Amino acid sequence: MNIVRLVKKAKKGSKDALLELIMAEKDAMYRLAFTYMRNEHDAMDVLEEMIVRLYENIGQLKKEEAFYSWSKTILVNLCKTTLRNQKKVVLMENWQSSKEEEQPFFGSSVQPLEIAEMLAILSENQKEAIQMKYILDLDYQSIADLTDVPIGTVKSRVFQGLRKMKDHFGGEGIEKDRGSVE
C-alpha cells in the first residue's frame, strides 16, 4: 500500500482512498479509542467522528506520510473531548478485555483487575503513558506525538508511574523498562 499515493487521492476527494487508509489501521485505531473510552459503543462513536473529521480536514495535512500519526492525534483529541463533554470518569474497574486482546503486562500474565488496581494509584498522565506504552505497545515517540508532550516527559511519566507501582505493590520486573531508550 502506497500511503502517499492514497493520501493524495483522498485529498482530491476520493472516499475510497480514505477508506483504504483507515481500513489498513482500523484495529490499531479501535484499540486506541477503546483505551480511552472503555466501552465498544463509545469507541465506535469516536471512530465514526474521526472518519468525518479526516474527510473534512484531509486538505490541511501537509505531509502525506504523516497521515497515520495525524489521524491518531485527531482520534486521541476526540476521545479526550468526548470524555470531557460527557463528564465521564474512566474507571479502570470497568475495564474488561476480550481474550484475544489480553496481553502479558510487564512480562507476566497479570489479570485485568490486577492491572486496574495497579493503574488506579497513578496520576492520569502516568496512567495514560503506561497504557499507551504497555497495553497499546506504542513507542515513546508515538506517545509523545499523540499526547503533544516532549518525549522526555513521556519517559518520565512511564518511569515515575512504574516506580510508584513498584513501591506500592512491590514485585520484580515492574521497572524492567527503566533504562531503555527508543
# chains A, B, ... in the order shown; residues from 1 in each chain; ligands from 1
>>> residues_around(residues="range 16-18 of chain A", least_positions_apart="5", cutoff="7 Å", atoms="only C-alpha atoms", output="list in words")
Leu6, Val7, Lys9 and Ala10 of chain A
>>> write_last_selection(atoms="all heavy atoms", output="PDB file, in the first residue's frame")
ATOM      1  N   LEU A   6      -2.242   7.195  -1.779  1.00  0.00           N
ATOM      2  CA  LEU A   6      -3.625   7.155  -1.296  1.00  0.00           C
ATOM      3  C   LEU A   6      -4.036   8.472  -0.644  1.00  0.00           C
ATOM      4  O   LEU A   6      -5.169   8.935  -0.821  1.00  0.00           O
ATOM      5  CB  LEU A   6      -3.812   5.996  -0.326  1.00  0.00           C
ATOM      6  CG  LEU A   6      -3.827   4.607  -0.950  1.00  0.00           C
ATOM      7  CD1 LEU A   6      -3.804   3.531   0.130  1.00  0.00           C
ATOM      8  CD2 LEU A   6      -5.037   4.430  -1.851  1.00  0.00           C
ATOM      9  N   VAL A   7      -3.131   9.082   0.107  1.00  0.00           N
ATOM     10  CA  VAL A   7      -3.452  10.358   0.748  1.00  0.00           C
ATOM     11  C   VAL A   7      -3.674  11.432  -0.312  1.00  0.00           C
ATOM     12  O   VAL A   7      -4.604  12.239  -0.206  1.00  0.00           O
ATOM     13  CB  VAL A   7      -2.356  10.777   1.753  1.00  0.00           C
ATOM     14  CG1 VAL A   7      -2.594  12.197   2.258  1.00  0.00           C
ATOM     15  CG2 VAL A   7      -2.314   9.811   2.926  1.00  0.00           C
ATOM     16  N   LYS A   9      -4.794  10.966  -3.310  1.00  0.00           N
ATOM     17  CA  LYS A   9      -6.116  10.699  -3.895  1.00  0.00           C
ATOM     18  C   LYS A   9      -7.220  11.186  -2.951  1.00  0.00           C
ATOM     19  O   LYS A   9      -8.207  11.776  -3.381  1.00  0.00           O
ATOM     20  CB  LYS A   9      -6.302   9.205  -4.164  1.00  0.00           C
ATOM     21  CG  LYS A   9      -5.624   8.697  -5.396  1.00  0.00           C
ATOM     22  CD  LYS A   9      -5.970   7.228  -5.583  1.00  0.00           C
ATOM     23  CE  LYS A   9      -5.507   6.681  -6.889  1.00  0.00           C
ATOM     24  NZ  LYS A   9      -5.913   5.271  -7.065  1.00  0.00           N
ATOM     25  N   ALA A  10      -7.056  10.900  -1.647  1.00  0.00           N
ATOM     26  CA  ALA A  10      -8.054  11.320  -0.661  1.00  0.00           C
ATOM     27  C   ALA A  10      -8.165  12.840  -0.618  1.00  0.00           C
ATOM     28  O   ALA A  10      -9.266  13.390  -0.488  1.00  0.00           O
ATOM     29  CB  ALA A  10      -7.698  10.764   0.719  1.00  0.00           C
TER      30      ALA A  10
END
>>> closest_residue(among="A:Val149, A:Ala129, A:Ala120, A:Ala144", to="His168 in chain A", atoms="only C-alpha atoms")
A:Ala120
>>> residues_around(residues="Leu61 in chain A", least_positions_apart="4", cutoff="12 Å", atoms="only C-alpha atoms", output="JSON, numbers by chain")
{"A": [4, 7, 8, 10, 11, 53, 54, 55, 56, 57, 65, 66, 67, 68, 69, 70, 71, 74]}
>>> atom_distance(atom1="CA of Arg5 in chain A", atom2="CA of Arg31 in chain A")
26.0 Å
>>> closest_residue(among="A:Met29, A:Met132, A:Leu162, A:Met37", to="Asp145 in chain A", atoms="only C-alpha atoms")
A:Met132
>>> closest_residue(among="A:Leu146, A:Ala28, A:Ile22, A:Ile135", to="Val76 in chain A", atoms="only C-alpha atoms")
A:Leu146
>>> select_by_dssp(residues="range 26-165 of chain A", states="alpha helix (DSSP H)", output="ChimeraX atom specification")
/A:26-37,40-57,67-86,112-119,124-130,140-147,151-165
>>> closest_residue(among="A:Leu122, A:Leu83, A:Ile143, A:Ile115", to="Arg163 in chain A", atoms="only C-alpha atoms")
A:Leu122
>>> closest_residue(among="A:Phe159, A:Asn125, A:Ala43, A:Ala116", to="Thr82 in chain A", atoms="only C-alpha atoms")
A:Ala43
